[in-house]
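*Asks:* Enclosed is the structure file query-v2.cif (mmCIF, N, CA and C atoms).
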data_input
#
loop_
_atom_site.label_atom_id
_atom_site.label_comp_id
_atom_site.auth_asym_id
_atom_site.auth_seq_id
_atom_site.Cartn_x
_atom_site.Cartn_y
_atom_site.Cartn_z
N TYR A 136 34.25 11.87 0.08
CA TYR A 136 34.09 12.98 -0.84
C TYR A 136 34.13 14.29 -0.08
N VAL A 137 34.70 15.26 -0.70
CA VAL A 137 34.72 16.61 -0.16
C VAL A 137 34.17 17.51 -1.27
N PHE A 138 33.14 18.27 -0.92
CA PHE A 138 32.51 19.18 -1.87
C PHE A 138 32.92 20.58 -1.50
N LEU A 139 33.63 21.23 -2.39
CA LEU A 139 34.25 22.51 -2.08
C LEU A 139 33.39 23.73 -2.40
N GLY A 140 32.30 23.54 -3.06
CA GLY A 140 31.42 24.68 -3.30
C GLY A 140 31.82 25.48 -4.50
N PRO A 141 31.95 26.75 -4.44
CA PRO A 141 32.23 27.59 -3.27
C PRO A 141 30.98 28.04 -2.49
N SER A 142 29.78 27.82 -3.03
CA SER A 142 28.56 28.26 -2.33
C SER A 142 27.79 27.02 -1.86
N PRO A 143 26.85 27.20 -0.93
CA PRO A 143 26.01 26.06 -0.51
C PRO A 143 25.27 25.42 -1.69
N ASN A 144 24.78 26.24 -2.62
CA ASN A 144 24.08 25.71 -3.80
C ASN A 144 25.03 24.86 -4.64
N ALA A 145 26.26 25.29 -4.79
CA ALA A 145 27.24 24.53 -5.56
C ALA A 145 27.56 23.21 -4.87
N VAL A 146 27.61 23.21 -3.53
CA VAL A 146 27.85 21.97 -2.77
C VAL A 146 26.73 20.97 -3.05
N VAL A 147 25.49 21.44 -3.03
CA VAL A 147 24.35 20.56 -3.32
C VAL A 147 24.46 20.01 -4.73
N GLN A 148 24.78 20.85 -5.69
CA GLN A 148 24.91 20.42 -7.08
C GLN A 148 26.03 19.38 -7.23
N GLN A 149 27.14 19.60 -6.56
CA GLN A 149 28.25 18.65 -6.61
C GLN A 149 27.85 17.32 -5.97
N TYR A 150 27.13 17.39 -4.87
CA TYR A 150 26.64 16.18 -4.19
C TYR A 150 25.69 15.40 -5.09
N LEU A 151 24.78 16.11 -5.77
CA LEU A 151 23.83 15.45 -6.67
C LEU A 151 24.54 14.81 -7.86
N GLU A 152 25.65 15.40 -8.30
CA GLU A 152 26.43 14.78 -9.38
C GLU A 152 26.97 13.43 -8.95
N VAL A 153 27.24 13.26 -7.67
CA VAL A 153 27.78 12.00 -7.16
C VAL A 153 26.67 10.97 -6.95
N ILE A 154 25.57 11.38 -6.29
CA ILE A 154 24.53 10.40 -5.91
C ILE A 154 23.38 10.32 -6.90
N GLY A 155 23.23 11.32 -7.76
CA GLY A 155 22.11 11.34 -8.69
C GLY A 155 20.93 12.11 -8.10
N LEU A 156 19.94 12.33 -8.94
CA LEU A 156 18.76 13.07 -8.50
C LEU A 156 17.86 12.18 -7.66
N PRO A 157 17.12 12.77 -6.71
CA PRO A 157 16.22 11.96 -5.89
C PRO A 157 15.07 11.40 -6.73
N TYR A 158 14.55 10.27 -6.29
CA TYR A 158 13.43 9.60 -6.94
C TYR A 158 12.14 10.33 -6.59
N MET A 159 11.34 10.61 -7.59
CA MET A 159 10.02 11.21 -7.35
C MET A 159 9.00 10.08 -7.33
N PRO A 160 8.36 9.87 -6.18
CA PRO A 160 7.38 8.78 -6.10
C PRO A 160 6.16 9.08 -6.96
N PRO A 161 5.39 8.04 -7.31
CA PRO A 161 4.17 8.27 -8.08
C PRO A 161 3.23 9.21 -7.33
N TYR A 162 2.54 10.04 -8.06
CA TYR A 162 1.66 11.04 -7.46
C TYR A 162 0.65 10.41 -6.50
N TRP A 163 0.05 9.27 -6.89
CA TRP A 163 -0.97 8.63 -6.06
C TRP A 163 -0.41 8.21 -4.71
N SER A 164 0.88 7.90 -4.65
CA SER A 164 1.46 7.43 -3.39
C SER A 164 1.58 8.54 -2.35
N LEU A 165 1.41 9.77 -2.78
CA LEU A 165 1.47 10.91 -1.87
C LEU A 165 0.10 11.24 -1.28
N GLY A 166 -0.94 10.51 -1.71
CA GLY A 166 -2.30 10.78 -1.27
C GLY A 166 -2.64 10.11 0.05
N PHE A 167 -3.95 10.06 0.35
CA PHE A 167 -4.42 9.49 1.60
C PHE A 167 -4.53 7.98 1.48
N HIS A 168 -3.88 7.29 2.40
CA HIS A 168 -3.90 5.82 2.46
C HIS A 168 -4.66 5.41 3.72
N LEU A 169 -5.40 4.32 3.60
CA LEU A 169 -6.12 3.80 4.76
C LEU A 169 -5.72 2.34 4.95
N CYS A 170 -5.21 2.03 6.14
CA CYS A 170 -4.75 0.68 6.42
C CYS A 170 -4.92 0.38 7.89
N ARG A 171 -5.29 -0.86 8.17
CA ARG A 171 -5.28 -1.35 9.54
C ARG A 171 -5.37 -2.85 9.53
N TRP A 172 -4.94 -3.44 10.61
CA TRP A 172 -5.08 -4.87 10.79
C TRP A 172 -6.45 -5.13 11.38
N GLY A 173 -7.09 -6.22 10.97
CA GLY A 173 -8.33 -6.61 11.61
C GLY A 173 -9.59 -6.39 10.81
N TYR A 174 -9.50 -6.19 9.49
CA TYR A 174 -10.72 -6.04 8.69
C TYR A 174 -11.49 -7.34 8.58
N LYS A 175 -10.88 -8.47 8.89
CA LYS A 175 -11.51 -9.80 8.96
C LYS A 175 -11.95 -10.39 7.63
N ASN A 176 -12.49 -9.56 6.71
CA ASN A 176 -12.93 -10.10 5.42
C ASN A 176 -13.01 -8.99 4.39
N ALA A 177 -13.15 -9.38 3.13
CA ALA A 177 -13.20 -8.40 2.04
C ALA A 177 -14.44 -7.53 2.14
N SER A 178 -15.53 -8.09 2.66
CA SER A 178 -16.76 -7.31 2.79
C SER A 178 -16.56 -6.13 3.73
N ARG A 179 -15.85 -6.37 4.83
CA ARG A 179 -15.60 -5.28 5.78
C ARG A 179 -14.71 -4.22 5.15
N THR A 180 -13.70 -4.66 4.41
CA THR A 180 -12.85 -3.70 3.72
C THR A 180 -13.67 -2.87 2.74
N ALA A 181 -14.56 -3.53 1.99
CA ALA A 181 -15.42 -2.82 1.02
C ALA A 181 -16.34 -1.85 1.73
N GLU A 182 -16.85 -2.21 2.90
CA GLU A 182 -17.71 -1.30 3.68
C GLU A 182 -16.96 -0.01 4.03
N ILE A 183 -15.72 -0.17 4.43
CA ILE A 183 -14.90 1.00 4.79
C ILE A 183 -14.69 1.89 3.57
N VAL A 184 -14.38 1.27 2.44
CA VAL A 184 -14.18 2.04 1.20
C VAL A 184 -15.46 2.78 0.84
N GLU A 185 -16.59 2.10 0.91
CA GLU A 185 -17.88 2.74 0.58
C GLU A 185 -18.20 3.88 1.54
N LYS A 186 -17.89 3.70 2.82
CA LYS A 186 -18.13 4.76 3.80
C LYS A 186 -17.28 5.98 3.49
N MET A 187 -16.03 5.75 3.09
CA MET A 187 -15.16 6.86 2.72
C MET A 187 -15.73 7.61 1.52
N ARG A 188 -16.26 6.88 0.56
CA ARG A 188 -16.87 7.52 -0.62
C ARG A 188 -18.12 8.29 -0.22
N GLU A 189 -18.94 7.67 0.63
CA GLU A 189 -20.17 8.32 1.08
C GLU A 189 -19.86 9.64 1.78
N LEU A 190 -18.78 9.67 2.54
CA LEU A 190 -18.37 10.88 3.25
C LEU A 190 -17.58 11.84 2.36
N GLN A 191 -17.39 11.45 1.10
CA GLN A 191 -16.62 12.23 0.13
C GLN A 191 -15.20 12.52 0.62
N PHE A 192 -14.64 11.52 1.28
CA PHE A 192 -13.27 11.63 1.76
C PHE A 192 -12.34 11.19 0.63
N PRO A 193 -11.36 11.98 0.29
CA PRO A 193 -10.52 11.68 -0.87
C PRO A 193 -9.49 10.58 -0.60
N GLN A 194 -9.95 9.36 -0.54
CA GLN A 194 -9.08 8.22 -0.29
C GLN A 194 -8.43 7.76 -1.59
N ASP A 195 -7.13 7.69 -1.58
CA ASP A 195 -6.39 7.29 -2.78
C ASP A 195 -6.01 5.82 -2.78
N VAL A 196 -5.73 5.27 -1.60
CA VAL A 196 -5.22 3.91 -1.52
C VAL A 196 -5.86 3.17 -0.34
N GLN A 197 -6.28 1.94 -0.59
CA GLN A 197 -6.77 1.05 0.47
C GLN A 197 -5.76 -0.08 0.64
N TRP A 198 -5.43 -0.36 1.87
CA TRP A 198 -4.50 -1.45 2.20
C TRP A 198 -5.24 -2.53 2.97
N ASN A 199 -4.71 -3.74 2.91
CA ASN A 199 -5.09 -4.79 3.85
C ASN A 199 -3.82 -5.30 4.50
N ASP A 200 -3.89 -5.49 5.81
CA ASP A 200 -2.78 -6.08 6.54
C ASP A 200 -2.80 -7.59 6.32
N ILE A 201 -1.95 -8.31 7.00
CA ILE A 201 -1.75 -9.73 6.71
C ILE A 201 -2.93 -10.62 7.05
N ASP A 202 -3.99 -10.09 7.59
CA ASP A 202 -5.15 -10.94 7.88
C ASP A 202 -5.86 -11.41 6.62
N TYR A 203 -5.50 -10.88 5.45
CA TYR A 203 -6.06 -11.38 4.19
C TYR A 203 -5.42 -12.70 3.76
N MET A 204 -4.27 -13.04 4.33
CA MET A 204 -3.50 -14.21 3.89
C MET A 204 -4.17 -15.52 4.29
N ASP A 205 -3.90 -16.55 3.51
CA ASP A 205 -4.35 -17.90 3.83
C ASP A 205 -3.31 -18.53 4.75
N ASN A 206 -3.66 -18.69 6.03
CA ASN A 206 -2.75 -19.25 7.04
C ASN A 206 -1.43 -18.49 7.13
N HIS A 207 -1.47 -17.19 6.87
CA HIS A 207 -0.30 -16.31 6.91
C HIS A 207 0.81 -16.75 5.97
N LEU A 208 0.43 -17.38 4.87
CA LEU A 208 1.41 -17.78 3.86
C LEU A 208 1.52 -16.68 2.81
N ASP A 209 2.75 -16.32 2.49
CA ASP A 209 2.99 -15.26 1.51
C ASP A 209 2.40 -15.61 0.15
N PHE A 210 1.97 -14.59 -0.55
CA PHE A 210 1.45 -14.68 -1.92
C PHE A 210 0.18 -15.54 -2.01
N THR A 211 -0.60 -15.55 -0.93
CA THR A 211 -1.89 -16.23 -0.92
C THR A 211 -2.93 -15.28 -0.35
N TYR A 212 -4.20 -15.61 -0.54
CA TYR A 212 -5.25 -14.91 0.18
C TYR A 212 -6.32 -15.90 0.59
N ASP A 213 -6.94 -15.63 1.70
CA ASP A 213 -7.97 -16.50 2.28
C ASP A 213 -9.21 -16.45 1.39
N LYS A 214 -9.47 -17.50 0.67
CA LYS A 214 -10.58 -17.52 -0.28
C LYS A 214 -11.95 -17.58 0.43
N ASN A 215 -11.96 -17.96 1.70
CA ASN A 215 -13.22 -17.96 2.45
C ASN A 215 -13.60 -16.56 2.90
N ASN A 216 -12.68 -15.88 3.57
CA ASN A 216 -12.98 -14.55 4.10
C ASN A 216 -12.68 -13.42 3.12
N PHE A 217 -11.80 -13.67 2.18
CA PHE A 217 -11.42 -12.64 1.22
C PHE A 217 -11.66 -13.09 -0.21
N GLY A 218 -12.64 -13.96 -0.41
CA GLY A 218 -12.95 -14.47 -1.73
C GLY A 218 -13.34 -13.41 -2.74
N SER A 219 -13.95 -12.34 -2.26
CA SER A 219 -14.36 -11.26 -3.17
C SER A 219 -13.29 -10.18 -3.32
N LEU A 220 -12.09 -10.46 -2.86
CA LEU A 220 -11.00 -9.48 -2.95
C LEU A 220 -10.71 -9.03 -4.39
N PRO A 221 -10.68 -9.95 -5.37
CA PRO A 221 -10.45 -9.48 -6.74
C PRO A 221 -11.51 -8.47 -7.20
N ASP A 222 -12.77 -8.67 -6.81
CA ASP A 222 -13.83 -7.73 -7.18
C ASP A 222 -13.63 -6.38 -6.49
N LEU A 223 -13.19 -6.41 -5.24
CA LEU A 223 -12.92 -5.17 -4.51
C LEU A 223 -11.81 -4.39 -5.20
N VAL A 224 -10.76 -5.07 -5.59
CA VAL A 224 -9.64 -4.40 -6.27
C VAL A 224 -10.11 -3.82 -7.60
N THR A 225 -10.91 -4.55 -8.34
CA THR A 225 -11.46 -4.05 -9.61
C THR A 225 -12.28 -2.79 -9.37
N ASP A 226 -13.10 -2.80 -8.33
CA ASP A 226 -13.92 -1.63 -7.99
C ASP A 226 -13.04 -0.43 -7.63
N LEU A 227 -12.01 -0.67 -6.84
CA LEU A 227 -11.09 0.43 -6.49
C LEU A 227 -10.48 1.03 -7.75
N HIS A 228 -10.02 0.17 -8.63
CA HIS A 228 -9.40 0.66 -9.87
C HIS A 228 -10.39 1.44 -10.74
N LYS A 229 -11.65 1.00 -10.77
CA LYS A 229 -12.67 1.73 -11.54
C LYS A 229 -12.90 3.13 -10.98
N HIS A 230 -12.62 3.31 -9.70
CA HIS A 230 -12.79 4.61 -9.06
C HIS A 230 -11.47 5.39 -8.97
N GLY A 231 -10.46 4.93 -9.69
CA GLY A 231 -9.18 5.64 -9.71
C GLY A 231 -8.38 5.48 -8.44
N GLN A 232 -8.69 4.43 -7.67
CA GLN A 232 -7.98 4.19 -6.43
C GLN A 232 -7.00 3.02 -6.59
N ARG A 233 -6.12 2.89 -5.65
CA ARG A 233 -5.11 1.82 -5.66
C ARG A 233 -5.36 0.87 -4.50
N TYR A 234 -4.71 -0.29 -4.58
CA TYR A 234 -4.82 -1.29 -3.52
C TYR A 234 -3.44 -1.85 -3.22
N VAL A 235 -3.14 -1.99 -1.94
CA VAL A 235 -1.86 -2.52 -1.51
C VAL A 235 -2.10 -3.63 -0.50
N MET A 236 -1.43 -4.75 -0.70
CA MET A 236 -1.48 -5.87 0.25
C MET A 236 -0.15 -5.89 1.00
N ILE A 237 -0.21 -5.86 2.32
CA ILE A 237 1.01 -5.97 3.11
C ILE A 237 1.48 -7.42 3.04
N THR A 238 2.77 -7.59 2.86
CA THR A 238 3.37 -8.92 2.86
C THR A 238 4.42 -8.95 3.95
N ASP A 239 4.29 -9.88 4.88
CA ASP A 239 5.30 -10.10 5.90
C ASP A 239 6.04 -11.38 5.54
N PRO A 240 7.19 -11.26 4.87
CA PRO A 240 7.90 -12.45 4.45
C PRO A 240 8.36 -13.25 5.65
N GLY A 241 8.16 -14.52 5.59
CA GLY A 241 8.60 -15.40 6.65
C GLY A 241 8.57 -16.83 6.16
N ILE A 242 9.15 -17.69 6.92
CA ILE A 242 9.17 -19.11 6.59
C ILE A 242 8.34 -19.83 7.63
N SER A 243 7.31 -20.53 7.16
CA SER A 243 6.43 -21.25 8.06
C SER A 243 7.11 -22.49 8.59
N ASN A 244 6.96 -22.73 9.90
CA ASN A 244 7.51 -23.97 10.46
C ASN A 244 6.42 -25.04 10.55
N THR A 245 5.22 -24.70 10.05
CA THR A 245 4.13 -25.68 10.07
C THR A 245 3.66 -26.07 8.68
N GLN A 246 4.14 -25.35 7.67
CA GLN A 246 3.73 -25.64 6.29
C GLN A 246 4.37 -26.94 5.82
N PRO A 247 3.56 -27.83 5.22
CA PRO A 247 4.17 -29.07 4.70
C PRO A 247 5.17 -28.77 3.60
N ALA A 248 6.18 -29.59 3.52
CA ALA A 248 7.26 -29.40 2.54
C ALA A 248 6.78 -29.63 1.12
#
Have the structure of the file written as structure tokens, please.

*Replies:*
Amino acid sequence: YVFLGPSPNAVVQQYLEVIGLPYMPPYWSLGFHLCRWGYKNASRTAEIVEKMRELQFPQDVQWNDIDYMDNHLDFTYDKNNFGSLPDLVTDLHKHGQRYVMITDPGISNTQPA
């Protein structure tokens, strides 16, 4: 494609006609996110969330890395260490916060068929 303008603004407009307008992400996704590997259990994650609230830090999103998974299997969670995860997510939602679980897709070579 060649965009002839004649002005820089016209070039941008012509380019947008070809590719479309940019996607505007949800407002909450632009806020403060807290994530790290190694929270070990849902209680520790909840402690961090509570500490952020106690400090009046405007946390919008809490993440858990793959340590929440049951044997690192996708779409599972460790019911022993993260058994209270549904309650944590409910609490986050009651406070207008979001929750994100990291998923590392992979194929287990030890999982039974």

*Asks:* If you run DSSP on the backbone, which residues of chain A are strand (DSSP E), as a short mmCIF file (atom, residue, chain, number, x, y, z; two decimals) with N, CA and C atoms, keeping the file's coordinate frame?

*Replies:*
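Generated output (selection22.cif):
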data_model
loop_
_atom_site.label_atom_id
_atom_site.label_comp_id
_atom_site.auth_asym_id
_atom_site.auth_seq_id
_atom_site.Cartn_x
_atom_site.Cartn_y
_atom_site.Cartn_z
N PHE A 167 -3.95 10.06 0.35
CA PHE A 167 -4.42 9.49 1.60
C PHE A 167 -4.53 7.98 1.48
N HIS A 168 -3.88 7.29 2.40
CA HIS A 168 -3.90 5.82 2.46
C HIS A 168 -4.66 5.41 3.72
N LEU A 169 -5.40 4.32 3.60
CA LEU A 169 -6.12 3.80 4.76
C LEU A 169 -5.72 2.34 4.95
N GLN A 194 -9.95 9.36 -0.54
CA GLN A 194 -9.08 8.22 -0.29
C GLN A 194 -8.43 7.76 -1.59
N ASP A 195 -7.13 7.69 -1.58
CA ASP A 195 -6.39 7.29 -2.78
C ASP A 195 -6.01 5.82 -2.78
N VAL A 196 -5.73 5.27 -1.60
CA VAL A 196 -5.22 3.91 -1.52
C VAL A 196 -5.86 3.17 -0.34
N GLN A 197 -6.28 1.94 -0.59
CA GLN A 197 -6.77 1.05 0.47
C GLN A 197 -5.76 -0.08 0.64
N TRP A 198 -5.43 -0.36 1.87
CA TRP A 198 -4.50 -1.45 2.20
C TRP A 198 -5.24 -2.53 2.97
N ASN A 199 -4.71 -3.74 2.91
CA ASN A 199 -5.09 -4.79 3.85
C ASN A 199 -3.82 -5.30 4.50
N ARG A 233 -6.12 2.89 -5.65
CA ARG A 233 -5.11 1.82 -5.66
C ARG A 233 -5.36 0.87 -4.50
N TYR A 234 -4.71 -0.29 -4.58
CA TYR A 234 -4.82 -1.29 -3.52
C TYR A 234 -3.44 -1.85 -3.22
N VAL A 235 -3.14 -1.99 -1.94
CA VAL A 235 -1.86 -2.52 -1.51
C VAL A 235 -2.10 -3.63 -0.50
N MET A 236 -1.43 -4.75 -0.70
CA MET A 236 -1.48 -5.87 0.25
C MET A 236 -0.15 -5.89 1.00
#

*Asks:* As a check of understanding, name the residues that the PyMOL selection byres (((chain A and resi 175 and name CA) around 12) and name CA) selects in the supplied structure, as a list of chain:residue names.

*Replies:* A:Arg171, A:Trp172, A:Gly173, A:Tyr174, A:Asn176, A:Ala177, A:Ser178, A:Arg179, A:Thr180, A:Ala181, A:Glu182, A:Asn199, A:Asp200, A:Ile201, A:Asp202, A:Tyr203, A:Met204, A:Asp205, A:Tyr212, A:Asp213, A:Asn215, A:Asn216, A:Phe217, A:Gly218, A:Leu220

*Asks:* Selection from above, N, CA and C atoms, as a short mmCIF file (atom, residue, chain, number, x, y, z; two decimals), keeping the file's coordinate frame, can you write it?

*Replies:*
data_model
loop_
_atom_site.label_atom_id
_atom_site.label_comp_id
_atom_site.auth_asym_id
_atom_site.auth_seq_id
_atom_site.Cartn_x
_atom_site.Cartn_y
_atom_site.Cartn_z
N ARG A 171 -5.29 -0.86 8.17
CA ARG A 171 -5.28 -1.35 9.54
C ARG A 171 -5.37 -2.85 9.53
N TRP A 172 -4.94 -3.44 10.61
CA TRP A 172 -5.08 -4.87 10.79
C TRP A 172 -6.45 -5.13 11.38
N GLY A 173 -7.09 -6.22 10.97
CA GLY A 173 -8.33 -6.61 11.61
C GLY A 173 -9.59 -6.39 10.81
N TYR A 174 -9.50 -6.19 9.49
CA TYR A 174 -10.72 -6.04 8.69
C TYR A 174 -11.49 -7.34 8.58
N ASN A 176 -12.49 -9.56 6.71
CA ASN A 176 -12.93 -10.10 5.42
C ASN A 176 -13.01 -8.99 4.39
N ALA A 177 -13.15 -9.38 3.13
CA ALA A 177 -13.20 -8.40 2.04
C ALA A 177 -14.44 -7.53 2.14
N SER A 178 -15.53 -8.09 2.66
CA SER A 178 -16.76 -7.31 2.79
C SER A 178 -16.56 -6.13 3.73
N ARG A 179 -15.85 -6.37 4.83
CA ARG A 179 -15.60 -5.28 5.78
C ARG A 179 -14.71 -4.22 5.15
N THR A 180 -13.70 -4.66 4.41
CA THR A 180 -12.85 -3.70 3.72
C THR A 180 -13.67 -2.87 2.74
N ALA A 181 -14.56 -3.53 1.99
CA ALA A 181 -15.42 -2.82 1.02
C ALA A 181 -16.34 -1.85 1.73
N GLU A 182 -16.85 -2.21 2.90
CA GLU A 182 -17.71 -1.30 3.68
C GLU A 182 -16.96 -0.01 4.03
N ASN A 199 -4.71 -3.74 2.91
CA ASN A 199 -5.09 -4.79 3.85
C ASN A 199 -3.82 -5.30 4.50
N ASP A 200 -3.89 -5.49 5.81
CA ASP A 200 -2.78 -6.08 6.54
C ASP A 200 -2.80 -7.59 6.32
N ILE A 201 -1.95 -8.31 7.00
CA ILE A 201 -1.75 -9.73 6.71
C ILE A 201 -2.93 -10.62 7.05
N ASP A 202 -3.99 -10.09 7.59
CA ASP A 202 -5.15 -10.94 7.88
C ASP A 202 -5.86 -11.41 6.62
N TYR A 203 -5.50 -10.88 5.45
CA TYR A 203 -6.06 -11.38 4.19
C TYR A 203 -5.42 -12.70 3.76
N MET A 204 -4.27 -13.04 4.33
CA MET A 204 -3.50 -14.21 3.89
C MET A 204 -4.17 -15.52 4.29
N ASP A 205 -3.90 -16.55 3.51
CA ASP A 205 -4.35 -17.90 3.83
C ASP A 205 -3.31 -18.53 4.75
N TYR A 212 -4.20 -15.61 -0.54
CA TYR A 212 -5.25 -14.91 0.18
C TYR A 212 -6.32 -15.90 0.59
N ASP A 213 -6.94 -15.63 1.70
CA ASP A 213 -7.97 -16.50 2.28
C ASP A 213 -9.21 -16.45 1.39
N ASN A 215 -11.96 -17.96 1.70
CA ASN A 215 -13.22 -17.96 2.45
C ASN A 215 -13.60 -16.56 2.90
N ASN A 216 -12.68 -15.88 3.57
CA ASN A 216 -12.98 -14.55 4.10
C ASN A 216 -12.68 -13.42 3.12
N PHE A 217 -11.80 -13.67 2.18
CA PHE A 217 -11.42 -12.64 1.22
C PHE A 217 -11.66 -13.09 -0.21
N GLY A 218 -12.64 -13.96 -0.41
CA GLY A 218 -12.95 -14.47 -1.73
C GLY A 218 -13.34 -13.41 -2.74
N LEU A 220 -12.09 -10.46 -2.86
CA LEU A 220 -11.00 -9.48 -2.95
C LEU A 220 -10.71 -9.03 -4.39
#

*Asks:* List as a list in words the residues having at least one atom at most 6 Å from position (-5.6, 2.6, -0.6) as given in the file, counting only C-alpha atoms.

*Replies:*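 Residues close enough to count: His168, Leu169, Asp195, Val196, Gln197, Trp198, Arg233 and Tyr234 of chain A.
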
*Asks:* If I take atom N of A:Phe167 and atom CA of A:Leu223, how far is one from the other in Å, to one decimal?

*Replies:*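 Straight-line distance from atom N of A:Phe167 to atom CA of A:Leu223 works out to 18.3 Å.
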
*Asks:* Taking into account all atoms listed in the file, which residue in the set A:Gly231, A:Pro160, A:Pro221, A:Pro240 is nearest to A:Leu208?

*Replies:*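 Of A:Gly231, A:Pro160, A:Pro221, A:Pro240, the one nearest A:Leu208 is A:Pro240, counting all atoms listed in the file.
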
*Asks:* Restricting the calculation to only N, CA and C atoms: of A:Thr245, A:Gln191, A:Gln232, A:Thr238, which residue gets closest to A:Phe210?

*Replies:*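 Among A:Thr245, A:Gln191, A:Gln232, A:Thr238, it is A:Thr238 that comes nearest to A:Phe210.
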
*Asks:* Enter the distance from atom CA of A:Gly241 to atom CA of A:Asn206, in Å, rounded to one decimal.

*Replies:* 12.0 Å

*Asks:* When you draw a straight line from atom C of A:Asp209 to atom N of A:Asn244, how long is it in Å?

*Replies:* 12.9 Å

*Asks:* Which of chain A end up as helix (DSSP H, G or I) when DSSP is run on this backbone - answer as a ChimeraX atom specification?

*Replies:* /A:143-154,162-165,177-189,201-203,220-229

*Asks:* Let me know the residues the PyMOL selection byres (((chain A and resi 138 and name CA) around 12) and name CA) catches in the file above, as a list in words.

*Replies:*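 After applying the PyMOL selection byres (((chain A and resi 138 and name CA) around 12) and name CA), what remains is Tyr136, Val137, Leu139, Gly140, Pro141, Ser142, Pro143, Asn144, Ala145, Val146, Val147, Gln148, Gln149, Tyr150, Leu151, Glu152 and Val153 of chain A.
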